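Okay, so here's the structure we're looking at.
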Amino acid sequence: MSTLEQMYQQVILDHAKYPVGRGLVDLASVEGHLAGESHQVNPTCGDEVTLRVDVTPEGSVAGVSWEGQGCSISQASVSVMTSLVEGADLDEVARLDGLFHDLMSSRGKGLGDDDAEDALGDATAFTGVSQYPARIKCALLGWAALKDSLARSGALATS
Amino acid sequence: MSTLEQMYQQVILDHAKYPVGRGLVDLASVEGHLAGESHQVNPTCGDEVTLRVDVTPEGSVAGVSWEGQGCSISQASVSVMTSLVEGADLDEVARLDGLFHDLMSSRGKGLGDDDAEDALGDATAFTGVSQYPARIKCALLGWAALKDSLARSGALATS
Amino acid sequence: MTTTATVRPGDPALQAAESGSLSTTELAAVRADFPLLERTVRGGKPLVYLDSAATSQKPQVVLDTEVDFYEQRNAAVHRGAHQLAEEATEAFEQARAAVAAFVGADEGEIVWQPGATAAINVVAYAFSNATLGRGGEAAARFRLAPGDEIVVTEAEHHANLVPWQELAARTGAVLRWIPVADDGRLDLSGLDSIVTERTRVLAFGHVSNVTGAIAPVATLVAAARRVGALTVLDACQSVPNMPVDLHELGVDFAAFSGHKMLGPTGVGALYGRRELLEAMPPTVTGGSMVEVVTMEATTYAPPPQRFEAGTQMVAQAVGMGCAAEYLGELGMAGVARHETELAAEMLKIADIPGVRVIGPLDTADRLAVVSFVVDGVHAHDVGQVLDDKGIAVRVGHHCAQPLHRRFGVAATARASASVYTTVEEVVAFREALAGVRAFFGAE
Amino acid sequence: MTTTATVRPGDPALQAAESGSLSTTELAAVRADFPLLERTVRGGKPLVYLDSAATSQKPQVVLDTEVDFYEQRNAAVHRGAHQLAEEATEAFEQARAAVAAFVGADEGEIVWQPGATAAINVVAYAFSNATLGRGGEAAARFRLAPGDEIVVTEAEHHANLVPWQELAARTGAVLRWIPVADDGRLDLSGLDSIVTERTRVLAFGHVSNVTGAIAPVATLVAAARRVGALTVLDACQSVPNMPVDLHELGVDFAAFSGHKMLGPTGVGALYGRRELLEAMPPTVTGGSMVEVVTMEATTYAPPPQRFEAGTQMVAQAVGMGCAAEYLGELGMAGVARHETELAAEMLKIADIPGVRVIGPLDTADRLAVVSFVVDGVHAHDVGQVLDDKGIAVRVGHHCAQPLHRRFGVAATARASASVYTTVEEVVAFREALAGVRAFFGAE
Ligand SMILES: Cc1ncc(COP(=O)(O)O)c(C=O)c1O
Ligand SMILES: Cc1ncc(COP(=O)(O)O)c(C=O)c1O
Ligand code: FES
Ligand code: FES
């Protein structure tokens, strides 16, 4: 597999084509839930994502919805992330965020840790992206929006 | 003679030590004479000369006096110039000014013209200075002051 | 200065180029001058560098000239009593003369700057400093009053837009702009209502770094003159790629960068008509631009030094002078013809299904800078696939967000040429581009 | 990056240097790295370069690194989808990290600038732009009101004086200054009445480029902190010649130039505490420093990019990073000790009849920069006679007219050293200087 094919894994191309969670859902708050929204711009290209998160009173992610414009890597990444974090509790989300950042710093080597890679599931498909420094920000855009929207929801403070 | 000795000719060292015309003379105007003063700064070193000129009704230089602070080249040059132009008519001054500028552009070669060099007299001692681009401005400082003070006297307009 | 250039003036091949374009042998000779072009990328693929509008590659002679400066005559200029300082000053000023001659200006009208962006900012800050009272009587021409207008175009690079927005914000002047038509050229239909008696500055790009369109300079200069506005030409893309004679164009100011015209990074030039430079207050202040400094006040040196505060980018200026000579020896008329050929080749991408070119589709009044979008594939993904084949194009908004917005796109991919670009490279690019949609399953 | 440096880290000779000064062999190895030092001048005389405070010479590794950048990875940074752009960006950012590490700063606190002069101007314009309402809420700290004061010292280089004079003139703030004592050091006796509650900025030089005196940074920073003023350190002469840790010094801003620290011309750095850079409005605007640009308005990128408008001096930044590594490997403590030895040698000129040193006569808290006058001989004539013997010194006011006026002289001659300067060179200088008065018959 060429490094280009390592970057554009089939999982990524599929998520870019059929994204999960795309289309913003109204945040008319469910009783006791916390909700937050974030808008993030990738300054190097001007691409953007707007993401909303809904957190249960118990501190787990009830739902993520988003709207965005960007390259296949950014769109696929936010889509994969959405599937991954839905239902997860906030500690788990923080762990996944940390793992995904580590993956992006791995320069194509991956995490070399089966447990961690199992946890990341489809998101390990982004290993190839980490060989392209200019594209790492693409893959991280959605994760930045998730973190920020959680912070804005107030959920991080209570957890 | 080294190029340094070509620059610092004895004539120059003497004029620097015993300058002609140094000490500003009051310009309380003589009947019918035109008088002008100019202050020039060499921006590359901050040195300066203030020069006064007195022109007869017939259009010849009755007197030059000056005050200045600067290197031996600049002080000697204004001194030599003073001796040279006193008594000369304005056309002659213009010619000398032109010749001296040509000399300064000669890169140490001189004017190659006996008449011209005769006219310049002691000022030909500055030939060596023209080998040092950074010092050419020193030698021209007094000449710039003379030209400007003549312009300010109004004598150029009437001649 | 050009001691190792393969192509030399008077070369019969070059004389031919004066009437036609560059021949295959000439082009081969030119390419041999550029060491970077021998590089391979992405696992041994030959590099096809189509990103010259961002920055050009450098001929060996420019690199050698710069190194020679450092190894033989590096010293602070304009002030030394020592031989190195004399030699450094001479090299620096000769470079100024070379750049001036190359763009049809007088030596005293060329101010060294770190780049075109800095150069445009110098003019914009001259206006705001004058408006704050700096520069005395002489600077009256640069003083803005409420209601005064600054005109730019919708096609500008951010470098020729944001400084004017900021000037407007600092002074209360109003920013207006000439719109862009669907074909990517300026829409001059409303020119007379945009450039009016209220206009004090008209700033516009000579050649768009997105569409490649050449602006109608004569028309714009005439409009500005009619109302007494000063003109500022962003000549970044024109100077490297076509003959430019600033006196003939009649603009008041112009800015261009060394790194886009085969010269080093970190150097550029501001051109200003002598009389205007004389009247302008400085922007950056410090050493070497002063006359008399006391703790209380400072008087300024005449131009160009007034606008060259601090130790200058001497080695880079010398390199830029060498680059100007190199291009001058090649002959800009031939260079421009060569690039017109390349533009024609590039524009054939419009025939690839799903590819849309942003900008003029014909080769009249345009250079070899072609931006495009691919249906269903983001520009960055397009660029990545091309890169994998060794083809370097630029992706993004190319520092022209408003122009991209005008065409309803956030980003484009852009291929651009320089004197060393070949038709074969453009063909390789076209072929690779034809396969992009399939790669992403977008067909 | 330092692929050809003769002196390498871990070299036992160097370890020794950490505790002492540079040994003769080490110094010889260092000198061999500097091609220009082999030059002869004025008819075959070996060059004795004592003008390093104006600009330093460059080691081969810096020249090679810059050329290697151009030949292998020259491209526009931060934006490319292609391999060259990736590599160029990496080299550029690694250089930033190297410079940051060298001066004890974080990467995000180092802003590339064309030089120290430009860097100081960026801070001065941040104040005036904020005062004109730019930068919103965040910039409140930079807004000046009538009655606000800016404090500098009488010893400043024009680069750290004129921008503040201009800022005062643009905003109505008042410029005050700390005077210089007879020994050339700052006279701090009136400090508390000069740095007061009205003081908003205290800008001062770390090491004077005329007297070589090192300023009492801790005292000045404490005085500024007491009244909530921001400090701006002109570190041009300290960074190349002694260990500098900006975090430890506790200044808010600092500026220094590449060309004085063995790096290329055309590059320098602005240091700013992260929190302040975040709050500051930009000075130079254009491409690459923006987030969203419409024709109506622009939002700015976070620092350091916010202050890096337009194409950067990439090759020069990479060269400056290499120079920082080269000096770091030599060890700045050893370099400083070497220069103290040289200063002691230089100061012996005070024993030559008719020679008067301007500045401290002892080697405590001073570097090897020694300015002097010769009774009855103008500085320029002194310099010319030395030059004839191959000895390059600087003459004039060294961009510090007020300091010269303080000592009643218009010009001085100045000898200054760098890491490659030898005691033998200083001795040759002393001997030549001893003959100057006789040459002019001034004895
Ligand atoms: C003390 C000091 N400050 C500032 C500067 C200005 O630095 P640059 O000319 O590199 O901008 C210099 C050198 O010229 C200097 O010696
Ligand atoms: C049309 C145009 N204007 C201005 C600029 C800015 O030039 P620089 O980045 O060299 O300052 C560029 C290039 O980036 C350009 O293409
Ligand atoms: S290119 Fe913009 S997010 Fe990937
Ligand atoms: S050095 Fe100043 S006039 Fe000669």
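Residue numbers start at 1 in each chain; chains themselves are named A, B, ... in the order of the structure tokens; ligands are numbered from 1 in the order shown.
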
Residues within 9 Å of Val207 (chain C), only C-alpha atoms, excluding chain neighbours under 6 positions, as an mmCIF file with all heavy atoms, in the first residue's frame:
data_model
loop_
_atom_site.group_PDB
_atom_site.id
_atom_site.type_symbol
_atom_site.label_atom_id
_atom_site.label_comp_id
_atom_site.auth_asym_id
_atom_site.auth_seq_id
_atom_site.Cartn_x
_atom_site.Cartn_y
_atom_site.Cartn_z
ATOM 1 N N ALA C 213 -5.297 36.643 -14.242
ATOM 2 C CA ALA C 213 -5.737 37.747 -15.105
ATOM 3 C C ALA C 213 -4.849 38.980 -14.904
ATOM 4 O O ALA C 213 -4.515 39.340 -13.774
ATOM 5 C CB ALA C 213 -7.183 38.101 -14.800
ATOM 6 N N ILE C 214 -4.479 39.606 -16.012
ATOM 7 C CA ILE C 214 -3.717 40.852 -15.973
ATOM 8 C C ILE C 214 -4.700 42.014 -15.902
ATOM 9 O O ILE C 214 -5.625 42.102 -16.710
ATOM 10 C CB ILE C 214 -2.814 40.990 -17.221
ATOM 11 C CG1 ILE C 214 -1.866 39.782 -17.308
ATOM 12 C CG2 ILE C 214 -2.033 42.304 -17.186
ATOM 13 C CD1 ILE C 214 -0.995 39.753 -18.564
ATOM 14 N N ALA C 215 -4.503 42.899 -14.941
ATOM 15 C CA ALA C 215 -5.427 44.027 -14.768
ATOM 16 C C ALA C 215 -5.179 45.086 -15.839
ATOM 17 O O ALA C 215 -4.053 45.244 -16.318
ATOM 18 C CB ALA C 215 -5.238 44.628 -13.381
ATOM 19 N N ASP C 234 0.283 46.209 -6.863
ATOM 20 C CA ASP C 234 0.866 44.984 -6.329
ATOM 21 C C ASP C 234 1.414 44.209 -7.526
ATOM 22 O O ASP C 234 0.667 43.590 -8.277
ATOM 23 C CB ASP C 234 -0.216 44.188 -5.593
ATOM 24 C CG ASP C 234 0.275 42.812 -5.166
ATOM 25 O OD1 ASP C 234 1.412 42.437 -5.526
ATOM 26 O OD2 ASP C 234 -0.491 42.111 -4.478
ATOM 27 N N ALA C 235 2.717 44.298 -7.702
ATOM 28 C CA ALA C 235 3.364 43.736 -8.898
ATOM 29 C C ALA C 235 4.031 42.388 -8.610
ATOM 30 O O ALA C 235 4.892 41.935 -9.359
ATOM 31 C CB ALA C 235 4.383 44.735 -9.436
ATOM 32 N N CYS C 236 3.595 41.731 -7.547
ATOM 33 C CA CYS C 236 4.221 40.459 -7.134
ATOM 34 C C CYS C 236 4.220 39.406 -8.220
ATOM 35 O O CYS C 236 5.191 38.681 -8.388
ATOM 36 C CB CYS C 236 3.462 39.879 -5.940
ATOM 37 S SG CYS C 236 3.979 40.587 -4.404
ATOM 38 N N GLN C 237 3.108 39.293 -8.933
ATOM 39 C CA GLN C 237 2.999 38.221 -9.926
ATOM 40 C C GLN C 237 3.411 38.679 -11.319
ATOM 41 O O GLN C 237 3.681 37.839 -12.179
ATOM 42 C CB GLN C 237 1.563 37.667 -9.968
ATOM 43 C CG GLN C 237 1.118 36.977 -8.678
ATOM 44 C CD GLN C 237 1.908 35.701 -8.384
ATOM 45 O OE1 GLN C 237 2.538 35.109 -9.267
ATOM 46 N NE2 GLN C 237 1.902 35.287 -7.132
ATOM 47 N N SER C 238 3.465 39.980 -11.543
ATOM 48 C CA SER C 238 3.844 40.441 -12.883
ATOM 49 C C SER C 238 5.356 40.503 -13.057
ATOM 50 O O SER C 238 5.897 40.001 -14.056
ATOM 51 C CB SER C 238 3.219 41.807 -13.182
ATOM 52 O OG SER C 238 3.546 42.749 -12.178
ATOM 53 N N ARG C 366 -3.497 37.127 -19.673
ATOM 54 C CA ARG C 366 -3.404 36.314 -18.466
ATOM 55 C C ARG C 366 -2.053 35.599 -18.455
ATOM 56 O O ARG C 366 -1.393 35.447 -19.481
ATOM 57 C CB ARG C 366 -4.562 35.316 -18.377
ATOM 58 C CG ARG C 366 -4.533 34.214 -19.405
ATOM 59 C CD ARG C 366 -4.478 32.826 -18.773
ATOM 60 N NE ARG C 366 -5.652 32.459 -18.032
ATOM 61 C CZ ARG C 366 -5.601 31.924 -16.824
ATOM 62 N NH1 ARG C 366 -4.424 31.719 -16.253
ATOM 63 N NH2 ARG C 366 -6.703 31.556 -16.211
ATOM 64 N N LEU C 367 -1.627 35.193 -17.285
ATOM 65 C CA LEU C 367 -0.374 34.457 -17.162
ATOM 66 C C LEU C 367 -0.658 33.003 -16.770
ATOM 67 O O LEU C 367 -1.807 32.603 -16.607
ATOM 68 C CB LEU C 367 0.527 35.125 -16.120
ATOM 69 C CG LEU C 367 1.063 36.511 -16.506
ATOM 70 C CD1 LEU C 367 1.951 37.067 -15.412
ATOM 71 C CD2 LEU C 367 1.846 36.440 -17.818
#

Could you give me, as a PyMOL selection string, every polymer residue with an atom at most 9 Å away from an atom of ligand 1, counting only C-alpha atoms and all ligand atoms?
(chain C and resi 76+286-288+309-312) or (chain D and resi 53-55+114-120+156-160+205-210+234-238+255-260+265-268+398-400)

Per DSSP on the backbone, filter region 85-289 of chain D down to the residues in strand (DSSP E) and report them as a ChimeraX atom specification.
/D:110-113,149-153,174-178,199-205,230-234,253-257,268-272

Each residue of chain D lying at most 9 Å from ligand 4 should get a row with its shortest atom-to-atom pair and the distance in Å to one decimal, counting only C-alpha atoms and all ligand atoms; could you produce that, ordered by chain and increasing number, as JSON lines?
{"residue": "D:His378", "atom": "CA", "partner": "ligand 4", "partner_atom_place_in_ligand_line": "1 (S)", "distance": 7.4}
{"residue": "D:Ala379", "atom": "CA", "partner": "ligand 4", "partner_atom_place_in_ligand_line": "1 (S)", "distance": 7.4}
{"residue": "D:His380", "atom": "CA", "partner": "ligand 4", "partner_atom_place_in_ligand_line": "1 (S)", "distance": 4.9}
{"residue": "D:Asp381", "atom": "CA", "partner": "ligand 4", "partner_atom_place_in_ligand_line": "1 (S)", "distance": 7.3}
{"residue": "D:Val395", "atom": "CA", "partner": "ligand 4", "partner_atom_place_in_ligand_line": "1 (S)", "distance": 8.2}
{"residue": "D:Gly396", "atom": "CA", "partner": "ligand 4", "partner_atom_place_in_ligand_line": "1 (S)", "distance": 7.4}
{"residue": "D:Ala411", "atom": "CA", "partner": "ligand 4", "partner_atom_place_in_ligand_line": "2 (Fe)", "distance": 8.5}

Using only C-alpha atoms and a distance of at most 7 Å, pull out the residues of chain D that contact chain A, as an mmCIF file with C-alpha atoms, in the first residue's frame.
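In the end it all went to result_32.cif:
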data_model
loop_
_atom_site.group_PDB
_atom_site.id
_atom_site.type_symbol
_atom_site.label_atom_id
_atom_site.label_comp_id
_atom_site.auth_asym_id
_atom_site.auth_seq_id
_atom_site.Cartn_x
_atom_site.Cartn_y
_atom_site.Cartn_z
ATOM 1 C CA HIS D 78 2.477 26.400 6.348
ATOM 2 C CA ARG D 79 0.198 25.880 3.429
ATOM 3 C CA ALA D 81 -0.156 19.911 0.213
ATOM 4 C CA GLU D 86 6.058 19.993 4.331
ATOM 5 C CA GLU D 291 -8.195 33.726 10.022
#

What is the CA of Glu154 (chain C) to CA of Phe204 (chain C) distance in Å?
9.2 Å

Would you kindly return, as a PyMOL selection string, each protein, DNA or RNA residue with an atom no farther than 9 Å from any atom of Glu37 (chain B), considering only C-alpha atoms and excluding same-chain residues fewer than 5 positions away?
chain B and resi 27+50-53+145-146+148-150+152-153

Residues within 7 Å of region 416-430 of chain D, please, as a PyMOL selection string. Count only C-alpha atoms; anything in the same chain fewer than 5 positions from it doesn't count.
chain D and resi 27+30-31+48+50-53+241+335+339+342+345-346+349+368-370+391

Go through C:Thr40, C:Arg170, C:Gly212, C:Val152 one by one, measure the shortest atom-to-atom distance of each to ligand 2 using only C-alpha atoms and all ligand atoms, and give the residue with the smallest value.
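Under the stated criterion, the closest residue is C:Gly212.
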
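Checking B:Val85, B:Cys138, B:Val129, B:Ala155 one by one against Gln6 (chain B), counting only C-alpha atoms, you find the shortest gap at B:Val129.
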